[in-house]
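Containing compact mmCIF, C-alpha atoms: entry_14.txt.
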```
# COMPACT_ATOMS: atom_id res chain seq x y z
CA MET T 1354 -72.90 61.85 68.69
CA SER T 1355 -70.82 61.67 65.56
CA GLN T 1356 -67.09 62.19 65.76
CA GLY T 1357 -64.75 61.92 62.84
CA LEU T 1358 -65.77 62.77 59.35
CA ALA T 1359 -67.42 60.43 56.90
CA ARG T 1360 -69.85 60.57 54.03
CA LEU T 1361 -72.53 58.01 53.37
CA GLN T 1362 -74.51 57.92 50.17
CA TRP T 1363 -77.32 55.75 48.90
CA PRO T 1364 -80.19 56.10 46.40
CA VAL T 1365 -82.87 58.67 47.23
CA VAL T 1366 -85.75 56.24 46.83
CA ILE T 1367 -85.42 52.89 48.57
CA GLN T 1368 -88.26 50.38 48.75
CA ALA T 1369 -88.44 47.66 51.39
CA GLY T 1370 -86.55 44.59 50.22
CA ASP T 1371 -84.27 46.48 47.83
CA VAL T 1372 -80.58 45.70 47.75
CA VAL T 1373 -79.03 49.10 48.32
CA LYS T 1374 -75.57 50.06 47.16
CA VAL T 1375 -73.96 52.10 49.93
CA ARG T 1376 -71.01 54.37 49.24
CA LEU T 1377 -68.85 55.33 52.18
CA LEU T 1378 -65.99 57.78 52.35
CA VAL T 1379 -64.05 58.24 55.58
CA GLN T 1380 -61.60 61.04 56.25
CA HIS T 1381 -58.33 59.50 57.38
CA PRO T 1382 -54.69 60.03 56.28
CA MET T 1383 -53.89 56.28 56.23
CA HIS T 1384 -50.16 56.83 56.85
CA THR T 1385 -48.40 53.72 55.61
CA GLY T 1386 -45.33 54.00 57.82
CA TYR T 1387 -43.10 54.38 54.76
CA GLN T 1388 -43.83 58.03 54.09
CA GLN T 1389 -41.55 60.86 55.24
CA ASP T 1390 -42.30 64.29 56.55
CA MET T 1391 -40.59 67.48 55.30
CA GLN T 1392 -37.55 66.76 57.53
CA GLY T 1393 -37.13 63.28 56.08
CA ARG T 1394 -38.30 61.52 59.24
CA LEU T 1395 -40.58 58.53 58.82
CA ILE T 1396 -44.19 59.18 59.69
CA ALA T 1397 -45.45 56.46 62.02
CA ARG T 1398 -47.95 54.06 60.56
CA ASN T 1399 -51.52 55.10 61.24
CA VAL T 1400 -54.18 53.28 59.28
CA LEU T 1401 -57.68 52.12 60.04
CA VAL T 1402 -57.56 48.82 61.90
CA TRP T 1403 -61.24 48.11 61.48
CA LEU T 1404 -64.39 49.75 60.25
CA ALA T 1405 -67.88 48.39 60.81
CA CYS T 1406 -71.34 49.44 59.67
CA GLU T 1407 -74.50 48.63 61.56
CA LEU T 1408 -77.97 49.04 60.14
CA GLY T 1409 -80.72 48.99 62.74
CA GLY T 1410 -78.41 47.44 65.31
CA GLN T 1411 -77.21 44.61 63.05
CA GLU T 1412 -73.71 44.58 61.65
CA VAL T 1413 -74.00 44.60 57.85
CA PHE T 1414 -70.46 45.32 56.73
CA ARG T 1415 -66.99 45.10 58.21
CA VAL T 1416 -63.61 45.75 56.73
CA GLU T 1417 -60.14 45.31 58.15
CA PRO T 1418 -57.93 47.56 56.03
CA SER T 1419 -54.14 47.73 55.94
CA SER T 1420 -51.69 50.31 54.68
CA GLY T 1421 -52.70 49.11 51.20
CA ILE T 1422 -55.92 51.10 51.29
CA ALA T 1423 -55.61 54.61 49.87
CA ALA T 1424 -55.84 57.75 52.01
CA ASN T 1425 -59.42 58.79 52.79
CA PRO T 1426 -60.71 55.23 52.47
CA TYR T 1427 -63.63 54.68 50.14
CA PHE T 1428 -65.82 51.60 50.27
CA GLU T 1429 -68.84 50.47 48.34
CA PHE T 1430 -70.96 47.61 49.58
CA CYS T 1431 -74.51 46.30 49.33
CA VAL T 1432 -77.13 45.77 51.98
CA ARG T 1433 -80.73 44.61 51.86
CA ALA T 1434 -83.00 47.31 53.30
CA ARG T 1435 -86.09 46.06 55.12
CA ALA T 1436 -87.29 49.10 57.05
CA SER T 1437 -86.14 52.61 57.86
CA ALA T 1438 -83.21 52.43 60.23
CA GLU T 1439 -80.13 54.28 61.30
CA MET T 1440 -76.80 53.30 59.82
CA VAL T 1441 -73.94 53.64 62.28
CA VAL T 1442 -70.39 53.53 60.96
CA ARG T 1443 -67.63 53.04 63.51
CA TRP T 1444 -63.91 52.77 63.00
CA GLN T 1445 -60.63 52.68 64.91
CA ASP T 1446 -57.10 53.48 63.78
CA ASP T 1447 -53.61 52.45 64.92
CA LEU T 1448 -53.53 55.31 67.45
CA GLY T 1449 -56.68 53.96 69.04
CA VAL T 1450 -58.73 56.92 67.87
CA MET T 1451 -62.34 55.90 67.32
CA GLY T 1452 -64.68 57.49 64.84
CA GLU T 1453 -68.41 57.28 64.44
CA TRP T 1454 -70.88 58.47 61.83
CA ARG T 1455 -74.65 58.08 61.93
CA GLN T 1456 -77.15 58.57 59.15
CA ARG T 1457 -80.77 57.53 58.87
CA MET T 1458 -81.82 55.39 55.90
CA GLU T 1459 -85.42 56.03 54.92
CA VAL T 1460 -87.07 52.98 53.40
CA ALA T 1461 -90.48 53.28 51.74
CA GLU T 1462 -93.06 50.51 51.51
CA ARG T 1463 -92.78 48.39 48.40
CA LYS T 1464 -95.00 49.73 45.61
CA THR T 1465 -93.53 48.04 42.56
CA PRO T 1466 -93.21 44.25 42.41
CA LYS T 1467 -89.83 42.88 43.36
CA PRO T 1468 -87.57 42.49 40.30
CA MET P 477 -27.71 44.86 49.36
CA GLN P 478 -28.27 47.69 46.92
CA LEU P 479 -31.55 49.33 47.77
CA ALA P 480 -31.55 52.29 45.39
CA SER P 481 -34.32 51.45 42.96
CA ALA P 482 -37.03 53.74 41.74
CA SER P 483 -39.85 51.32 42.35
CA GLY P 484 -38.64 50.48 45.82
CA ALA P 485 -37.54 53.87 47.06
CA CYS P 486 -39.96 53.69 49.94
CA LEU P 487 -38.39 50.50 51.17
CA ALA P 488 -34.87 51.88 51.18
CA LEU P 489 -35.15 54.02 54.26
CA GLY P 490 -33.70 51.78 56.95
CA GLY P 491 -35.59 50.74 60.07
CA PRO P 492 -38.45 48.33 59.63
CA SER P 493 -38.55 49.00 55.91
CA ARG P 494 -35.12 47.44 55.44
CA ALA P 495 -36.40 44.16 56.80
CA LEU P 496 -39.32 44.34 54.37
CA ALA P 497 -36.98 45.01 51.48
CA GLN P 498 -35.20 41.80 52.35
CA GLN P 499 -38.43 39.86 52.49
CA ILE P 500 -39.48 41.01 49.04
CA GLY P 501 -36.90 41.94 46.46
CA PHE P 502 -37.85 44.55 43.92
CA ASP P 503 -37.84 42.18 41.02
CA GLN P 504 -39.38 39.43 43.05
CA GLN P 505 -43.10 39.06 43.59
CA ARG P 506 -45.26 36.70 45.55
CA THR P 507 -46.71 33.91 43.47
CA VAL P 508 -50.43 33.13 43.46
CA ALA P 509 -49.73 30.05 45.57
CA ASP P 510 -47.80 32.15 48.13
CA MET P 511 -50.65 34.61 48.43
CA LEU P 512 -53.33 31.97 48.83
CA GLN P 513 -51.43 29.69 51.16
CA ARG P 514 -51.88 31.55 54.46
CA LEU P 515 -55.62 32.12 54.14
CA VAL P 516 -56.66 28.98 52.33
CA GLY P 517 -54.47 26.40 54.05
CA GLY P 518 -55.30 23.05 52.55
CA ARG P 519 -58.93 23.81 51.70
CA PRO P 520 -60.36 23.64 48.19
CA VAL P 521 -59.74 26.75 46.08
CA ARG P 522 -60.85 27.41 42.50
CA GLU P 523 -60.32 30.19 40.03
CA GLN P 524 -63.99 30.80 39.26
CA GLY P 525 -67.07 32.80 40.24
CA VAL P 526 -65.20 35.99 41.13
CA SER P 527 -64.72 39.01 38.93
CA LEU P 528 -62.04 41.49 39.87
CA THR P 529 -62.12 44.80 38.06
CA ALA P 530 -59.01 46.95 38.16
CA PRO P 531 -57.46 49.26 35.56
CA ALA P 532 -54.90 47.51 33.34
CA LEU P 533 -52.76 50.61 33.57
CA ALA P 534 -52.72 52.84 36.63
CA ASP P 535 -50.85 56.11 36.28
CA ASN P 536 -50.62 56.59 40.01
CA GLY P 537 -50.30 53.78 42.53
CA THR P 538 -51.56 55.88 45.43
CA LEU P 539 -55.16 55.53 44.36
CA VAL P 540 -56.31 52.64 42.23
CA PRO P 541 -60.04 51.82 42.09
CA VAL P 542 -60.77 48.13 42.47
CA SER P 543 -64.07 46.30 42.54
CA VAL P 544 -64.94 42.70 43.24
CA GLN P 545 -68.11 40.82 42.41
CA VAL P 546 -68.81 37.24 43.39
CA ILE P 547 -71.55 35.10 41.88
CA SER P 548 -73.58 34.00 44.87
CA PRO P 549 -77.28 33.83 45.83
CA MET P 550 -76.28 35.35 49.22
CA SER P 551 -78.82 33.17 51.00
CA GLU P 552 -78.63 31.96 54.58
CA ASP P 553 -76.95 28.67 53.63
CA ASP P 554 -75.02 29.76 50.53
CA HIS P 555 -73.27 33.09 50.76
CA VAL P 556 -69.90 34.77 50.62
CA SER P 557 -68.63 35.35 54.14
CA HIS P 558 -65.32 37.10 53.39
CA ILE P 559 -63.59 38.81 50.50
CA TYR P 560 -59.83 39.34 50.70
CA LEU P 561 -57.78 41.60 48.46
CA LEU P 562 -54.22 40.38 48.13
CA SER P 563 -51.21 42.04 46.54
CA SER P 564 -48.16 40.38 45.05
CA ARG P 565 -45.80 43.29 45.60
CA ASN P 566 -46.99 45.57 48.40
CA PRO P 567 -45.01 45.43 51.66
CA VAL P 568 -48.23 44.26 53.32
CA MET P 569 -49.72 41.39 51.34
CA GLN P 570 -53.30 41.59 52.58
CA VAL P 571 -54.70 44.88 51.32
CA ALA P 572 -58.04 44.43 53.09
CA ALA P 573 -60.44 41.84 54.39
CA PHE P 574 -64.18 42.39 54.03
CA VAL P 575 -66.89 40.62 56.00
CA LEU P 576 -70.19 40.05 54.20
CA GLY P 577 -73.23 37.90 54.85
CA PRO P 578 -76.74 37.02 53.70
CA TRP P 579 -77.84 40.54 54.72
CA SER P 580 -75.63 41.98 51.98
CA GLY P 581 -77.99 40.90 49.20
CA ARG P 582 -75.19 41.00 46.64
CA ALA P 583 -71.56 40.01 47.03
CA GLU P 584 -70.07 43.20 45.65
CA ILE P 585 -67.48 45.55 47.08
CA SER P 586 -65.38 48.40 45.71
CA THR P 587 -62.54 50.34 47.21
CA ARG P 588 -59.44 52.28 46.32
CA VAL P 589 -56.08 50.69 46.97
CA ARG P 590 -52.41 51.64 47.01
CA LEU P 591 -50.06 49.66 44.82
CA ALA P 592 -46.28 49.59 45.20
CA GLY P 593 -45.50 49.01 41.55
CA SER P 594 -46.80 46.83 38.73
CA GLN P 595 -48.14 43.62 40.09
CA GLN P 596 -50.83 41.00 40.31
CA LEU P 597 -53.88 41.54 42.47
CA LEU P 598 -55.99 38.70 43.81
CA ALA P 599 -59.56 38.76 45.05
CA LEU P 600 -60.24 35.76 47.24
CA ALA P 601 -63.78 34.94 48.33
CA ARG P 602 -64.53 32.63 51.21
CA LEU P 603 -67.90 30.90 50.84
CA SER P 604 -70.13 29.83 53.69
CA GLY P 605 -69.50 26.21 52.70
CA GLY P 606 -65.79 26.62 53.46
CA GLU P 607 -64.72 26.71 49.81
CA PHE P 608 -62.55 29.47 48.33
CA TRP P 609 -62.89 31.13 44.94
CA PHE P 610 -60.52 33.67 43.48
CA ALA P 611 -59.74 35.88 40.51
CA ALA P 612 -56.52 37.60 39.51
CA ALA P 613 -55.79 40.85 37.70
CA GLU P 614 -52.56 42.33 36.42
CA VAL P 615 -52.08 46.03 37.01
CA ILE P 616 -49.26 48.05 35.48
CA VAL P 617 -48.40 50.96 37.75
CA THR P 618 -46.44 53.85 36.25
CA GLU P 619 -45.75 55.58 39.54
CA SER P 620 -45.59 53.45 42.64
CA ALA P 621 -47.50 54.46 45.77
CA CYS P 622 -44.24 54.39 47.70
CA VAL P 623 -42.26 56.88 45.60
CA ASP P 624 -44.50 59.78 46.44
CA ALA P 625 -43.73 60.86 49.99
CA SER P 626 -47.03 62.69 50.37
```

Would you encode the structure as structure tokens?
Amino acid sequence: MSQGLARLQWPVVIQAGDVVKVRLLVQHPMHTGYQQDMQGRLIARNVLVWLACELGGQEVFRVEPSSGIAANPYFEFCVRARASAEMVVRWQDDLGVMGEWRQRMEVAERKTPKP
Amino acid sequence: MQLASASGACLALGGPSRALAQQIGFDQQRTVADMLQRLVGGRPVREQGVSLTAPALADNGTLVPVSVQVISPMSEDDHVSHIYLLSSRNPVMQVAAFVLGPWSGRAEISTRVRLAGSQQLLALARLSGGEFWFAAAEVIVTESACVDAS
């Protein structure tokens, strides 16, 4: 079950062996700990501590952000696609709240020769 | 210590931020050697093989697109294992650490960072052989990420 909100995007057509550029957007305020609310009180720091992506059960990307990553973190990374598999993105923030997002990556058989 | 400065307004709020303000003065930035020291230790480090793309002028420090590419075959025995983004002026030096591997295919990442004022950004790549490569970029920030309370 997915909890938390994220968006994953990759090319529509993927052939086995392609290096796929994955674009990931996660909904999170990323409070730095230096920002104030309307009453002038400091908002406690709450940023993603880690975020990891698995493709077909294997971890393919991990990031450990800090308060230096902008709100609603956006990441682009590459992964070599071998076969159709589910990508699972998991993350945890300073409050210990975990998020998860799943999306299936469809990979077609290779028709054109490898570049 | 006078803390009223436009670029450092976020640091002038007392509490933990006061300690940070003392660690890094507003006109004082970390040098490249300072930034590399903690991660690299005494290991070999070269300014080569990495390209760091960031805007030369960022109107707003709350959202600055940054991308890093490292020249690497990304094979089992020669790949980039980590990419670090380091900031010379942010309260937290290490903006993010990325873990990559031979499964990545290409050593390329992009993200959007916050910058507390004009500064130098470093992209540091750790290779599977234990070597470090880096690239630097200067970014002029018109409005610091810390001024805007939102």

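Distance check against chain T using only C-alpha atoms: of P:Asp535, P:Asp510, P:Glu584, P:Glu552, the minimum falls on P:Glu584.
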
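For the point (-72.1, 51.6, 61.7), the residues with at least one atom inside 6 Å, counting all atoms listed in the file, are T:Ala1405, T:Cys1406, T:Glu1407, T:Met1440, T:Val1441, T:Val1442, T:Arg1443.
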
Each chain T residue no farther than 9 Å from chain P, nearest pair in Å, all atoms listed in the file, as a Markdown table:
```
| residue | atom | partner | partner_atom | distance |
| --- | --- | --- | --- | --- |
| T:Asp1371 | CA | P:Gly581 | CA | 8.5 |
| T:Val1372 | CA | P:Gly581 | CA | 5.6 |
| T:Val1373 | CA | P:Gly581 | CA | 8.3 |
| T:Lys1374 | CA | P:Glu584 | CA | 8.9 |
| T:Arg1376 | CA | P:Ser586 | CA | 8.9 |
| T:Thr1385 | CA | P:Cys622 | CA | 9.0 |
| T:Gly1386 | CA | P:Ser493 | CA | 8.6 |
| T:Tyr1387 | CA | P:Cys486 | CA | 5.8 |
| T:Gln1388 | CA | P:Ala625 | CA | 5.0 |
| T:Gln1389 | CA | P:Ala625 | CA | 5.7 |
| T:Asp1390 | CA | P:Ala625 | CA | 7.5 |
| T:Leu1395 | CA | P:Leu489 | CA | 8.4 |
| T:Val1413 | CA | P:Trp579 | CA | 6.4 |
| T:Phe1414 | CA | P:Leu576 | CA | 5.9 |
| T:Arg1415 | CA | P:Val575 | CA | 5.0 |
| T:Val1416 | CA | P:Phe574 | CA | 4.3 |
| T:Glu1417 | CA | P:Ala573 | CA | 5.1 |
| T:Pro1418 | CA | P:Ala572 | CA | 4.3 |
| T:Ser1419 | CA | P:Val571 | CA | 5.5 |
| T:Ser1420 | CA | P:Val571 | CA | 7.1 |
| T:Gly1421 | CA | P:Val571 | CA | 4.7 |
| T:Ile1422 | CA | P:Val589 | CA | 4.3 |
| T:Ala1423 | CA | P:Val589 | CA | 4.9 |
| T:Ala1424 | CA | P:Leu539 | CA | 8.0 |
| T:Pro1426 | CA | P:Arg588 | CA | 6.9 |
| T:Tyr1427 | CA | P:Thr587 | CA | 5.3 |
| T:Phe1428 | CA | P:Thr587 | CA | 4.7 |
| T:Glu1429 | CA | P:Ser586 | CA | 4.8 |
| T:Phe1430 | CA | P:Ile585 | CA | 4.8 |
| T:Cys1431 | CA | P:Ser580 | CA | 5.2 |
| T:Val1432 | CA | P:Ser580 | CA | 4.1 |
| T:Arg1433 | CA | P:Gly581 | CA | 5.3 |
| T:Ala1434 | CA | P:Trp579 | CA | 8.6 |
```

Atom pair atom CA of Val508 of chain P / atom CA of Phe608 of chain P: separation (Å) = 13.6 Å

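The nearest approach to Met1383 of chain T among the residues T:Gln1445, T:Asn1425, T:Ser1437, T:Gln1356, with all atoms listed in the file taken into account, belongs to T:Asn1425.
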